[in-house]
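Engineer: Below is data.pdb; it holds PDB, C-alpha atoms and all ligand atoms.
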```pdb
ATOM      1  CA  MET O 414      85.957 106.872 102.841
ATOM      2  CA  THR O 415      89.152 104.930 103.478
ATOM      3  CA  THR O 416      89.879 102.146 100.972
ATOM      4  CA  ALA O 417      91.834  98.895 101.326
ATOM      5  CA  GLU O 418      94.292 100.178  98.670
ATOM      6  CA  GLN O 419      95.116 103.228 100.828
ATOM      7  CA  LEU O 420      96.050 100.907 103.684
ATOM      8  CA  GLU O 421      98.540  98.812 101.688
ATOM      9  CA  GLY O 422     101.727  98.774 103.770
ATOM     10  CA  PRO O 423     104.986 100.310 102.534
ATOM     11  CA  GLN O 424     107.184  97.331 103.528
ATOM     12  CA  LYS O 425     107.321  93.573 102.962
ATOM     13  CA  VAL O 426     105.881  91.670 105.944
ATOM     14  CA  THR O 427     108.562  89.631 107.754
ATOM     15  CA  TRP O 428     106.417  87.843 110.363
ATOM     16  CA  CYS O 429     106.700  84.027 110.386
ATOM     17  CA  THR O 430     104.150  82.100 108.342
ATOM     18  CA  GLY O 431     101.136  81.343 110.539
ATOM     19  CA  CYS O 432     101.861  84.107 113.080
ATOM     20  CA  GLY O 433      98.846  85.564 114.890
ATOM     21  CA  ASN O 434     100.021  89.076 114.026
ATOM     22  CA  TYR O 435      98.555  88.621 110.518
ATOM     23  CA  GLY O 436      95.058  88.351 111.999
ATOM     24  CA  ILE O 437      95.636  91.511 114.057
ATOM     25  CA  LEU O 438      96.837  93.445 110.991
ATOM     26  CA  ALA O 439      93.867  92.240 108.902
ATOM     27  CA  ALA O 440      91.421  93.204 111.666
ATOM     28  CA  LEU O 441      93.096  96.602 112.114
ATOM     29  CA  LYS O 442      92.670  97.383 108.412
ATOM     30  CA  LYS O 443      88.982  96.373 108.528
ATOM     31  CA  ALA O 444      88.472  98.455 111.685
ATOM     32  CA  VAL O 445      90.119 101.528 110.095
ATOM     33  CA  ILE O 446      87.784 101.210 107.112
ATOM     34  CA  GLU O 447      84.770 100.808 109.405
ATOM     35  CA  LEU O 448      85.677 103.769 111.645
ATOM     36  CA  ASP O 449      84.289 107.016 110.334
ATOM     37  CA  ILE O 450      87.567 108.896 110.941
ATOM     38  CA  PRO O 451      89.726 110.408 108.135
ATOM     39  CA  VAL O 452      92.716 108.111 107.896
ATOM     40  CA  HIS O 453      95.216 110.994 108.272
ATOM     41  CA  ASN O 454      93.689 111.688 111.698
ATOM     42  CA  LEU O 455      94.617 108.214 112.934
ATOM     43  CA  VAL O 456      98.057 107.601 114.453
ATOM     44  CA  ILE O 457      99.713 104.349 115.505
ATOM     45  CA  SER O 458     102.338 104.341 118.250
ATOM     46  CA  SER O 459     104.120 100.993 118.570
ATOM     47  CA  GLY O 460     106.771  99.531 120.854
ATOM     48  CA  ILE O 461     109.618  97.123 120.072
ATOM     49  CA  GLY O 462     108.943  93.503 119.189
ATOM     50  CA  CYS O 463     107.379  91.522 116.335
ATOM     51  CA  SER O 464     104.186  93.366 117.337
ATOM     52  CA  GLY O 465     105.950  96.729 117.103
ATOM     53  CA  LYS O 466     106.534  96.295 113.367
ATOM     54  CA  ILE O 467     102.855  96.787 112.516
ATOM     55  CA  PRO O 468     103.188 100.460 111.392
ATOM     56  CA  HIS O 469     105.476  99.293 108.574
ATOM     57  CA  TYR O 470     102.746  97.040 107.229
ATOM     58  CA  ILE O 471      99.860  99.505 107.029
ATOM     59  CA  GLY O 472      99.788 102.654 104.900
ATOM     60  CA  GLY O 473      97.731 105.840 104.845
ATOM     61  CA  LEU O 474      97.828 106.727 108.509
ATOM     62  CA  ASN O 475     100.604 108.340 110.551
ATOM     63  CA  SER O 476     102.765 106.261 112.841
ATOM     64  CA  PHE O 477     105.623 106.344 115.336
ATOM     65  CA  HIS O 478     107.682 103.175 115.986
ATOM     66  CA  THR O 479     108.959 104.114 119.448
ATOM     67  CA  LEU O 480     111.253 102.450 122.023
ATOM     68  CA  HIS O 481     110.765  99.244 123.994
ATOM     69  CA  GLY O 482     108.033  99.800 126.612
ATOM     70  CA  ARG O 483     107.407 103.428 125.580
ATOM     71  CA  PRO O 484     104.541 103.531 123.049
ATOM     72  CA  ILE O 485     102.020 104.702 125.679
ATOM     73  CA  PRO O 486     103.884 107.865 126.811
ATOM     74  CA  VAL O 487     104.604 108.795 123.195
ATOM     75  CA  ALA O 488     100.924 108.236 122.320
ATOM     76  CA  SER O 489      99.846 110.316 125.330
ATOM     77  CA  GLY O 490     102.020 113.201 124.123
ATOM     78  CA  ILE O 491     100.615 112.996 120.581
ATOM     79  CA  HIS O 492      97.056 112.907 121.893
ATOM     80  CA  LEU O 493      97.439 115.840 124.291
ATOM     81  CA  THR O 494      99.307 117.970 121.744
ATOM     82  CA  ASN O 495      96.869 117.445 118.893
ATOM     83  CA  SER O 496      93.344 116.631 120.020
ATOM     84  CA  GLU O 497      92.262 116.197 116.369
ATOM     85  CA  LEU O 498      94.176 112.900 116.229
ATOM     86  CA  ARG O 499      92.943 109.511 117.444
ATOM     87  CA  VAL O 500      95.880 107.478 118.713
ATOM     88  CA  ILE O 501      96.137 103.681 118.726
ATOM     89  CA  VAL O 502      98.945 101.943 120.619
ATOM     90  CA  HIS O 503     100.246  98.571 119.400
ATOM     91  CA  THR O 504     102.322  96.914 122.091
ATOM     92  CA  GLY O 505     103.549  93.389 122.884
ATOM     93  CA  ASP O 506     102.912  91.567 126.158
ATOM     94  CA  GLY O 507     106.604  91.996 127.037
ATOM     95  CA  ASP O 508     106.593  95.620 125.896
ATOM     96  CA  CYS O 509     103.425  96.553 127.802
ATOM     97  CA  LEU O 510     103.460  94.314 130.890
ATOM     98  CA  GLY O 511     107.234  94.207 131.433
ATOM     99  CA  GLU O 512     109.272  97.259 130.455
ATOM    100  CA  GLY O 513     106.186  99.474 130.005
ATOM    101  CA  LEU O 514     103.994  98.384 132.927
ATOM    102  CA  GLY O 515     104.388 101.629 134.888
ATOM    103  CA  HIS O 516     103.232 103.659 131.881
ATOM    104  CA  PHE O 517     100.284 101.305 131.343
ATOM    105  CA  VAL O 518      99.071 101.511 134.942
ATOM    106  CA  HIS O 519      99.366 105.303 135.196
ATOM    107  CA  ALA O 520      97.807 105.991 131.782
ATOM    108  CA  ALA O 521      94.870 103.802 132.866
ATOM    109  CA  ARG O 522      94.597 105.657 136.177
ATOM    110  CA  ARG O 523      94.627 108.985 134.312
ATOM    111  CA  ASN O 524      92.081 107.660 131.788
ATOM    112  CA  VAL O 525      94.134 109.002 128.871
ATOM    113  CA  ASN O 526      92.044 108.905 125.706
ATOM    114  CA  LEU O 527      93.949 106.148 123.873
ATOM    115  CA  ALA O 528      93.169 102.729 122.409
ATOM    116  CA  VAL O 529      95.813 100.199 123.482
ATOM    117  CA  PHE O 530      96.005  96.928 121.540
ATOM    118  CA  ILE O 531      98.182  94.328 123.284
ATOM    119  CA  HIS O 532      99.555  91.620 120.971
ATOM    120  CA  ASN O 533      99.562  88.953 123.666
ATOM    121  CA  ASN O 534     101.517  85.889 122.538
ATOM    122  CA  GLY O 535     102.827  85.031 126.018
ATOM    123  CA  VAL O 536     106.413  85.265 124.857
ATOM    124  CA  MET O 537     109.177  87.656 123.819
ATOM    125  CA  GLY O 538     108.863  86.757 120.141
ATOM    126  CA  LEU O 539     111.393  89.043 118.460
ATOM    127  CA  THR O 540     114.247  88.231 120.826
ATOM    128  CA  LYS O 541     113.818  84.462 120.338
ATOM    129  CA  GLY O 542     111.246  83.158 122.759
ATOM    130  CA  GLN O 543     112.317  84.157 126.268
ATOM    131  CA  PHE O 544     109.466  83.928 128.784
ATOM    132  CA  SER O 545     107.477  87.146 129.024
ATOM    133  CA  PRO O 546     105.297  88.445 131.895
ATOM    134  CA  ALA O 547     102.319  86.781 130.155
ATOM    135  CA  ALA O 548     104.000  83.396 129.555
ATOM    136  CA  PRO O 549     102.027  80.516 131.054
ATOM    137  CA  ARG O 550     103.370  78.798 134.186
ATOM    138  CA  GLY O 551     105.667  76.013 133.033
ATOM    139  CA  TYR O 552     106.563  77.657 129.700
ATOM    140  CA  VAL O 553     109.961  76.289 128.660
ATOM    141  CA  SER O 554     112.543  78.562 127.045
ATOM    142  CA  ASN O 555     116.252  79.435 127.308
ATOM    143  CA  THR O 556     115.419  81.797 130.177
ATOM    144  CA  SER O 557     112.959  79.399 131.867
ATOM    145  CA  PRO O 558     114.455  75.899 131.534
ATOM    146  CA  PRO O 559     112.702  72.801 132.906
ATOM    147  CA  PRO O 560     112.059  71.960 135.614
ATOM    148  CA  PRO O 561     109.892  73.893 136.241
ATOM    149  CA  GLY O 562     109.792  76.164 133.149
ATOM    150  CA  ALA O 563     108.347  79.626 133.898
ATOM    151  CA  PRO O 564     107.962  79.429 137.684
ATOM    152  CA  MET O 565     105.033  81.838 138.153
ATOM    153  CA  ASP O 566     101.519  82.575 136.953
ATOM    154  CA  PRO O 567     101.181  84.960 133.989
ATOM    155  CA  ALA O 568     100.274  88.642 134.301
ATOM    156  CA  ASN O 569      96.664  89.239 133.334
ATOM    157  CA  PRO O 570      96.335  92.486 131.337
ATOM    158  CA  VAL O 571      92.545  92.491 131.680
ATOM    159  CA  THR O 572      92.568  92.484 135.498
ATOM    160  CA  GLN O 573      95.529  94.902 135.534
ATOM    161  CA  ALA O 574      93.607  97.327 133.312
ATOM    162  CA  ILE O 575      90.347  97.154 135.281
ATOM    163  CA  VAL O 576      92.070  97.612 138.645
ATOM    164  CA  ALA O 577      94.265 100.451 137.347
ATOM    165  CA  GLY O 578      91.244 102.469 136.156
ATOM    166  CA  ALA O 579      90.829 101.805 132.408
ATOM    167  CA  THR O 580      87.292 102.571 131.260
ATOM    168  CA  TYR O 581      87.045 100.131 128.310
ATOM    169  CA  VAL O 582      88.578  96.705 128.841
ATOM    170  CA  ALA O 583      88.175  93.852 126.379
ATOM    171  CA  ARG O 584      89.846  90.695 125.136
ATOM    172  CA  GLY O 585      89.924  89.533 121.516
ATOM    173  CA  PHE O 586      91.459  86.647 119.609
ATOM    174  CA  SER O 587      93.415  87.018 116.398
ATOM    175  CA  GLY O 588      91.556  84.001 114.973
ATOM    176  CA  ASP O 589      88.086  85.533 115.485
ATOM    177  CA  GLN O 590      88.160  88.392 112.992
ATOM    178  CA  LYS O 591      84.510  89.449 113.267
ATOM    179  CA  ALA O 592      84.656  89.915 117.032
ATOM    180  CA  LEU O 593      88.152  91.443 116.905
ATOM    181  CA  VAL O 594      87.150  94.144 114.394
ATOM    182  CA  GLU O 595      84.118  95.004 116.538
ATOM    183  CA  LEU O 596      86.264  95.247 119.683
ATOM    184  CA  MET O 597      88.861  97.424 117.917
ATOM    185  CA  VAL O 598      86.174  99.811 116.642
ATOM    186  CA  GLY O 599      84.638  99.921 120.136
ATOM    187  CA  ALA O 600      88.032 100.721 121.700
ATOM    188  CA  VAL O 601      88.876 103.515 119.240
ATOM    189  CA  ASN O 602      85.419 105.080 119.572
ATOM    190  CA  HIS O 603      85.571 104.976 123.377
ATOM    191  CA  ARG O 604      86.525 108.247 125.090
ATOM    192  CA  GLY O 605      89.051 107.258 127.735
ATOM    193  CA  PHE O 606      91.713 104.590 128.234
ATOM    194  CA  ALA O 607      90.656 101.570 126.193
ATOM    195  CA  VAL O 608      92.573  98.306 126.511
ATOM    196  CA  LEU O 609      92.167  95.381 124.130
ATOM    197  CA  ASP O 610      94.123  92.274 125.104
ATOM    198  CA  ILE O 611      94.509  90.305 121.860
ATOM    199  CA  LEU O 612      95.343  86.589 122.135
ATOM    200  CA  GLN O 613      97.868  85.953 119.387
ATOM    201  CA  PRO O 614      99.648  82.637 118.793
ATOM    202  CA  CYS O 615     103.417  82.832 118.269
ATOM    203  CA  VAL O 616     103.816  79.704 116.141
ATOM    204  CA  THR O 617     107.602  79.741 116.327
ATOM    205  CA  TRP O 618     108.209  79.870 120.080
ATOM    206  CA  ASN O 619     105.091  79.337 122.150
ATOM    207  CA  ARG O 620     103.928  75.734 121.765
ATOM    208  CA  GLN O 621     101.382  76.031 124.624
ATOM    209  CA  LEU O 622      99.221  78.955 123.447
ATOM    210  CA  THR O 623      98.474  77.596 119.962
ATOM    211  CA  TRP O 624      95.672  78.201 117.416
ATOM    212  CA  LYS O 625      94.172  74.832 118.447
ATOM    213  CA  PHE O 626      94.318  75.750 122.148
ATOM    214  CA  TYR O 627      92.517  79.056 121.625
ATOM    215  CA  ASN O 628      89.982  77.639 119.163
ATOM    216  CA  GLU O 629      89.039  74.995 121.738
ATOM    217  CA  ASN O 630      89.233  77.123 124.879
ATOM    218  CA  THR O 631      87.654  80.522 124.198
ATOM    219  CA  TYR O 632      84.026  81.583 124.527
ATOM    220  CA  SER O 633      82.070  84.799 124.015
ATOM    221  CA  LEU O 634      81.305  86.817 127.146
ATOM    222  CA  GLN O 635      78.503  88.702 125.407
ATOM    223  CA  ASP O 636      76.769  85.498 124.234
ATOM    224  CA  ASN O 637      76.708  84.382 127.859
ATOM    225  CA  GLY O 638      75.202  87.558 129.362
ATOM    226  CA  HIS O 639      77.503  89.955 131.202
ATOM    227  CA  ASP O 640      76.895  93.457 132.596
ATOM    228  CA  VAL O 641      79.818  95.525 131.255
ATOM    229  CA  THR O 642      79.147  98.379 133.722
ATOM    230  CA  ASN O 643      79.661  96.169 136.787
ATOM    231  CA  LYS O 644      83.323  96.365 137.842
ATOM    232  CA  LEU O 645      83.179  93.487 140.324
ATOM    233  CA  SER O 646      81.473  91.220 137.843
ATOM    234  CA  ALA O 647      84.077  92.219 135.199
ATOM    235  CA  LEU O 648      86.870  91.339 137.629
ATOM    236  CA  GLU O 649      85.205  88.073 138.554
ATOM    237  CA  LYS O 650      85.058  87.092 134.870
ATOM    238  CA  ALA O 651      88.664  88.230 134.297
ATOM    239  CA  LEU O 652      89.960  86.321 137.338
ATOM    240  CA  SER O 653      87.933  83.188 136.689
ATOM    241  CA  SER O 654      90.090  80.091 137.025
ATOM    242  CA  ASP O 655      87.671  78.294 134.697
ATOM    243  CA  SER O 656      89.709  76.547 131.976
ATOM    244  CA  LYS O 657      87.749  78.442 129.294
ATOM    245  CA  ILE O 658      88.912  81.938 128.355
ATOM    246  CA  PRO O 659      86.293  84.694 127.933
ATOM    247  CA  ILE O 660      86.449  86.916 124.824
ATOM    248  CA  GLY O 661      84.568  90.212 124.525
ATOM    249  CA  VAL O 662      84.006  93.411 126.522
ATOM    250  CA  PHE O 663      84.596  92.968 130.265
ATOM    251  CA  TYR O 664      84.135  96.554 131.381
ATOM    252  CA  LYS O 665      82.940  99.789 129.798
ATOM    253  CA  VAL O 666      81.923 102.979 131.584
ATOM    254  CA  ASP O 667      82.003 106.714 130.870
ATOM    255  CA  ALA O 668      84.319 108.820 133.042
ATOM    256  CA  PRO O 669      86.225 112.124 132.581
ATOM    257  CA  ASP O 670      89.412 111.594 130.584
ATOM    258  CA  LEU O 671      92.759 113.284 131.316
ATOM    259  CA  ALA O 672      92.407 115.978 128.623
ATOM    260  CA  SER O 673      89.125 117.211 130.087
ATOM    261  CA  GLY O 674      90.764 117.699 133.506
ATOM    262  CA  ILE O 675      93.888 119.689 132.624
ATOM    263  CA  ALA O 676      94.340 123.258 131.398
ATOM    264  CA  LEU O 677      94.551 122.773 127.634
ATOM    265  CA  PRO O 678      93.613 125.633 125.278
ATOM    266  CA  LYS O 679      89.877 125.514 124.599
ATOM    267  CA  ASP O 680      89.853 127.155 121.167
ATOM    268  CA  VAL O 681      92.689 125.355 119.316
ATOM    269  CA  PRO O 682      94.700 122.143 119.736
ATOM    270  CA  LEU O 683      97.806 122.694 121.896
ATOM    271  CA  LYS O 684     100.046 122.438 118.794
ATOM    272  CA  ASP O 685      98.386 125.578 117.330
ATOM    273  CA  HIS O 686      98.372 127.560 120.559
ATOM    274  CA  ILE O 687     100.658 130.598 120.509
ATOM    275  CA  THR O 688     102.235 131.194 123.887
ATOM    276  CA  ASN O 689     102.333 134.771 125.096
ATOM    277  CA  LEU O 690     105.966 135.116 126.170
ATOM    278  CA  LYS O 691     105.113 138.041 128.470
ATOM    279  CA  ASP O 692     102.884 135.694 130.520
ATOM    280  CA  VAL O 693     105.729 133.147 130.706
ATOM    281  CA  GLN O 694     108.175 135.860 131.798
ATOM    282  CA  LYS O 695     105.743 136.942 134.529
ATOM    283  CA  ILE O 696     105.599 133.371 135.882
ATOM    284  CA  ILE O 697     109.421 133.202 135.867
ATOM    285  CA  ASP O 698     109.698 136.599 137.587
ATOM    286  CA  ASP O 699     107.226 135.490 140.268
ATOM    287  CA  LEU O 700     109.224 132.320 140.888
ATOM    288  CA  VAL O 701     112.686 133.880 140.957
ATOM    289  CA  LEU O 702     113.549 134.985 144.475
TER     290      LEU O 702
HETATM  291  C1  LIG S 801     115.281  98.966 126.486
HETATM  292  C2  LIG S 801     115.273  97.673 125.759
HETATM  293  N1  LIG S 801     115.312  96.528 126.452
HETATM  294  C3  LIG S 801     115.295  95.336 125.814
HETATM  295  C4  LIG S 801     115.219  95.313 124.445
HETATM  296  C5  LIG S 801     115.264  93.981 123.732
HETATM  297  N2  LIG S 801     113.940  93.603 123.275
HETATM  298  C6  LIG S 801     113.512  93.909 122.034
HETATM  299  S1  LIG S 801     111.998  93.291 121.714
HETATM  300  C7  LIG S 801     111.911  92.597 123.257
HETATM  301  C8  LIG S 801     110.765  91.775 123.710
HETATM  302  C9  LIG S 801     109.550  91.893 122.903
HETATM  303  O1  LIG S 801     108.546  91.079 123.442
HETATM  304  P1  LIG S 801     107.060  91.478 123.250
HETATM  305  O2  LIG S 801     106.826  92.871 123.683
HETATM  306  O3  LIG S 801     106.206  90.449 123.880
HETATM  307  O4  LIG S 801     106.902  91.503 121.662
HETATM  308  P2  LIG S 801     106.758  90.320 120.602
HETATM  309  O5  LIG S 801     108.064  90.248 119.897
HETATM  310  O6  LIG S 801     106.413  89.071 121.321
HETATM  311  O7  LIG S 801     105.646  90.802 119.705
HETATM  312  C10 LIG S 801     113.063  92.865 124.001
HETATM  313  C11 LIG S 801     113.299  92.389 125.373
HETATM  314  C12 LIG S 801     115.175  96.535 123.745
HETATM  315  N3  LIG S 801     115.051  96.570 122.415
HETATM  316  N4  LIG S 801     115.192  97.695 124.418
HETATM  317  S1  LIG S 802     108.521  84.987 116.310
HETATM  318 FE1  LIG S 802     106.394  84.551 116.894
HETATM  319  S2  LIG S 802     105.425  86.560 117.144
HETATM  320 FE2  LIG S 802     107.333  86.857 115.995
HETATM  321  S3  LIG S 802     106.706  86.796 113.842
HETATM  322 FE3  LIG S 802     107.359  84.721 114.410
HETATM  323  S4  LIG S 802     105.460  83.694 115.057
HETATM  324 FE4  LIG S 802     105.057  85.890 115.054
HETATM  325 MG    MG S 803     105.116  88.936 123.024
END
```
Let's see the structure in the file written out as structure tokens.

Structural biologist:
Amino acid sequence: MTTAEQLEGPQKVTWCTGCGNYGILAALKKAVIELDIPVHNLVISSGIGCSGKIPHYIGGLNSFHTLHGRPIPVASGIHLTNSELRVIVHTGDGDCLGEGLGHFVHAARRNVNLAVFIHNNGVMGLTKGQFSPAAPRGYVSNTSPPPPGAPMDPANPVTQAIVAGATYVARGFSGDQKALVELMVGAVNHRGFAVLDILQPCVTWNRQLTWKFYNENTYSLQDNGHDVTNKLSALEKALSSDSKIPIGVFYKVDAPDLASGIALPKDVPLKDHITNLKDVQKIIDDLVL
């Protein structure tokens, strides 16, 4: 069984005091302990941002701190090459919904067996508070000065994920540890593309999406009765213009994942497969005119 000591991170945490990332890290550690998966079979792939630093703050498991917007393709490669590994992506709202949006949409459509945790603080935190695709309308920053502040509505990762084809779509809040751990465990155990949008205050830059705002404006979907297998109902909840924000599982269905639909070796993970060079030569010979 994995212990809390095993998960002690190798580096000193540099997030600002009060940052919502602390709640995500704490929940991740609890989820890893709760998951019945040997810790060396878990891999984190992270992007660039304050969110992307998370692999440095958790020990025991393997990790890959990738490039801005690219943690999903790297995770997809790890997953398809070694099916014994369970891969978790940690990505920021800018990383995932800006630079990496194409990867997000296509990985959802392909139902790649990954768990994607979006640290959604509605801002580009690391680069000093520029408005991100998830920044609220009116958000004021150096790149969105008043009037009017950010001049458009924010991207909604939950609706994006459902429409694109993800098969587990949920929203958590960094301040609600119990629910967040449950949602993380559910996402990792799900076979298929699992998206968890995590509301995470950035106390330094985003003065609109604060701890107080989320504490006063979130409610549990599951406590209010919701059929997670009904896509239209999930979309209706995700698109609701109600001032209260739903937390919980919006959508969850079983569907074939990418690995079950492509020609991977059946007996061993791809990494252990030995290619017969004569077969490769035959393919080349057939192709060469
Ligand atoms: C290709 C590329 N473009 C831009 C950057 C600069 N950059 C680094 S982090 C970042 C934004 C991060 O925002 P987000 O993903 O929301 O992460 P947060 O810091 O808020 O957790 C940007 C634009 C970069 N490192 N690489
Ligand atoms: S800038 Fe924002 S997101 Fe980054 S560590 Fe500080 S509070 Fe957290
Ligand atoms: Mg961000």

Engineer: Can you list, as a list in words, every protein, DNA or RNA residue that comes within 8 Å of Val582 (chain O) when you count all atoms listed in the file, leaving out same-chain residues fewer than 6 positions away?

Structural biologist: Val571, Ala574, Ile575, Ala607, Val608, Leu609, Val662, Phe663, Tyr664 and Lys665 of chain O

Engineer: Quick one: apply the PyMOL selection byres (((chain O and resi 668) around 9) and not hetatm) to the file and drop the selected residues here as a ChimeraX atom specification.

Structural biologist: /O:524,580,604-605,666-667,669-670

Engineer: Suppose we keep C-alpha atoms; can you now write the selection as a PDB file, keeping the file's coordinate frame?

Structural biologist:
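Produced file selection_16.pdb, reproduced below:
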```
ATOM      1  CA  ASN O 524      92.081 107.660 131.788  1.00  0.00           C
ATOM      2  CA  THR O 580      87.292 102.571 131.260  1.00  0.00           C
ATOM      3  CA  ARG O 604      86.525 108.247 125.090  1.00  0.00           C
ATOM      4  CA  GLY O 605      89.051 107.258 127.735  1.00  0.00           C
ATOM      5  CA  VAL O 666      81.923 102.979 131.584  1.00  0.00           C
ATOM      6  CA  ASP O 667      82.003 106.714 130.870  1.00  0.00           C
ATOM      7  CA  PRO O 669      86.225 112.124 132.581  1.00  0.00           C
ATOM      8  CA  ASP O 670      89.412 111.594 130.584  1.00  0.00           C
TER       9      ASP O 670
END
```

Engineer: Enumerate, as a list in words, the residues matched when the PyMOL selection byres (((chain O and resi 415-426) around 8) and not hetatm) is run on the file above.

Structural biologist: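 The output of the PyMOL selection byres (((chain O and resi 415-426) around 8) and not hetatm) on this file is Met414, Thr427, Trp428, Lys442, Val445, Ile446, Pro451, Val452, Pro468, His469, Tyr470, Ile471, Gly472, Gly473 and Leu474 of chain O.
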
Engineer: Please build the interface table for chain O against ligand LIG 802 (chain S) with a cut-off of 12 Å, listing for each qualifying residue the nearest atom pair and the distance in Å to one decimal; count all atoms listed in the file, order rows by chain and increasing number, and write it as CSV.

Structural biologist:
```
residue,atom,partner,partner_atom,distance
O:Val426,CA,S:LIG802,S3,9.3
O:Thr427,CA,S:LIG802,S3,7.0
O:Trp428,CA,S:LIG802,S3,3.6
O:Cys429,CA,S:LIG802,FE3,4.1
O:Thr430,CA,S:LIG802,S4,7.0
O:Gly431,CA,S:LIG802,S4,6.7
O:Cys432,CA,S:LIG802,S4,4.1
O:Gly433,CA,S:LIG802,FE4,6.2
O:Asn434,CA,S:LIG802,FE4,6.0
O:Tyr435,CA,S:LIG802,FE4,8.4
O:Gly436,CA,S:LIG802,FE4,10.7
O:Ile437,CA,S:LIG802,FE4,11.0
O:Leu438,CA,S:LIG802,FE4,11.9
O:Ile461,CA,S:LIG802,FE2,11.3
O:Gly462,CA,S:LIG802,FE2,7.5
O:Cys463,CA,S:LIG802,FE2,4.7
O:Ser464,CA,S:LIG802,S2,6.9
O:Gly465,CA,S:LIG802,FE2,10.0
O:Lys466,CA,S:LIG802,S3,9.5
O:Ile467,CA,S:LIG802,S3,10.8
O:Thr504,CA,S:LIG802,S2,11.9
O:Gly505,CA,S:LIG802,S2,9.1
O:Asp506,CA,S:LIG802,S2,10.6
O:Gly507,CA,S:LIG802,S2,11.3
O:His532,CA,S:LIG802,S2,8.6
O:Asn533,CA,S:LIG802,S2,9.1
O:Asn534,CA,S:LIG802,S2,6.7
O:Gly535,CA,S:LIG802,S2,9.4
O:Val536,CA,S:LIG802,S2,7.9
O:Met537,CA,S:LIG802,S2,7.7
O:Gly538,CA,S:LIG802,S1,4.2
O:Leu539,CA,S:LIG802,FE2,5.2
O:Thr540,CA,S:LIG802,S1,8.0
O:Lys541,CA,S:LIG802,S1,6.7
O:Gly542,CA,S:LIG802,S1,7.2
O:Gln543,CA,S:LIG802,S1,10.7
O:Ser587,CA,S:LIG802,FE4,11.8
O:Leu612,CA,S:LIG802,S2,11.2
O:Gln613,CA,S:LIG802,S2,7.9
O:Pro614,CA,S:LIG802,S4,7.0
O:Cys615,CA,S:LIG802,FE1,3.7
O:Val616,CA,S:LIG802,S4,4.4
O:Thr617,CA,S:LIG802,S4,4.7
O:Trp618,CA,S:LIG802,FE1,5.9
O:Asn619,CA,S:LIG802,FE1,7.5
O:Arg620,CA,S:LIG802,FE1,10.4
O:Leu622,CA,S:LIG802,FE1,11.2
O:Thr623,CA,S:LIG802,S4,10.5
O:Trp624,CA,S:LIG802,S4,11.5
```

Engineer: On this structure, the PyMOL selection byres (((chain O and resi 480) around 12) and not hetatm) would catch which residues? List them as an mmCIF file with C-alpha atoms, in the coordinates of the input, sorted by chain and number.

Structural biologist:
```
data_model
loop_
_atom_site.group_PDB
_atom_site.id
_atom_site.type_symbol
_atom_site.label_atom_id
_atom_site.label_comp_id
_atom_site.auth_asym_id
_atom_site.auth_seq_id
_atom_site.Cartn_x
_atom_site.Cartn_y
_atom_site.Cartn_z
ATOM 1 C CA SER O 458 102.338 104.341 118.250
ATOM 2 C CA SER O 459 104.120 100.993 118.570
ATOM 3 C CA GLY O 460 106.771 99.531 120.854
ATOM 4 C CA ILE O 461 109.618 97.123 120.072
ATOM 5 C CA GLY O 462 108.943 93.503 119.189
ATOM 6 C CA GLY O 465 105.950 96.729 117.103
ATOM 7 C CA LYS O 466 106.534 96.295 113.367
ATOM 8 C CA PHE O 477 105.623 106.344 115.336
ATOM 9 C CA HIS O 478 107.682 103.175 115.986
ATOM 10 C CA THR O 479 108.959 104.114 119.448
ATOM 11 C CA HIS O 481 110.765 99.244 123.994
ATOM 12 C CA GLY O 482 108.033 99.800 126.612
ATOM 13 C CA ARG O 483 107.407 103.428 125.580
ATOM 14 C CA PRO O 484 104.541 103.531 123.049
ATOM 15 C CA ILE O 485 102.020 104.702 125.679
ATOM 16 C CA PRO O 486 103.884 107.865 126.811
ATOM 17 C CA VAL O 487 104.604 108.795 123.195
ATOM 18 C CA ALA O 488 100.924 108.236 122.320
ATOM 19 C CA HIS O 503 100.246 98.571 119.400
ATOM 20 C CA THR O 504 102.322 96.914 122.091
ATOM 21 C CA GLY O 505 103.549 93.389 122.884
ATOM 22 C CA ASP O 508 106.593 95.620 125.896
ATOM 23 C CA CYS O 509 103.425 96.553 127.802
ATOM 24 C CA GLU O 512 109.272 97.259 130.455
ATOM 25 C CA GLY O 513 106.186 99.474 130.005
#
```

Engineer: Hey, can you check how far CA of Phe586 (chain O) sits from CA of Glu649 (chain O)?

Structural biologist: 20.0 Å

Engineer: Could you tell me which of O:Ile660, O:Val500, O:Leu514, O:Leu677 comes closest to ligand LIG 801 (chain S) if we count all atoms listed in the file?

Structural biologist: O:Leu514

Engineer: Calculate, to one decimal in Å, the centre and edge lengths of the box along x, y and z of the file that holds all listed atoms of ligand LIG 801 (chain S) with 6 Å of margin on each side, and present them as AutoDock Vina command-line options.

Structural biologist:
```
--center_x 110.5 --center_y 94.0 --center_z 123.1 --size_x 21.7 --size_y 21.9 --size_z 18.8
```

Engineer: Nearest residue to Lys684 (chain O) out of O:Lys443, O:Leu493, O:Phe606, O:Val456, using all atoms listed in the file?

Structural biologist: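 For Lys684 (chain O), the nearest of the candidates is O:Leu493.
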
Engineer: Which residue out of O:Thr631, O:Ala600, O:Asn569, O:Asp610 has the minimum interatomic distance to Ala651 (chain O) when only C-alpha atoms are used?

Structural biologist: O:Asn569

Engineer: Excluding Leu683 (chain O) and any residue of its chain fewer than 6 positions from it, enumerate the residues within 12 Å of it, using all atoms listed in the file, and give them as a PyMOL selection string.

Structural biologist: chain O and resi 490-498+672+675-677

Engineer: Quick one: pull the distance between atom C7 of ligand LIG 801 (chain S) and CA of Gly588 (chain O), Å, one decimal.

Structural biologist: 23.6 Å

Engineer: Give me, please, the distance in Å between CA of Asn454 (chain O) and CA of Arg499 (chain O), quoted to one decimal.

Structural biologist: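 These two atoms are separated by 6.2 Å.
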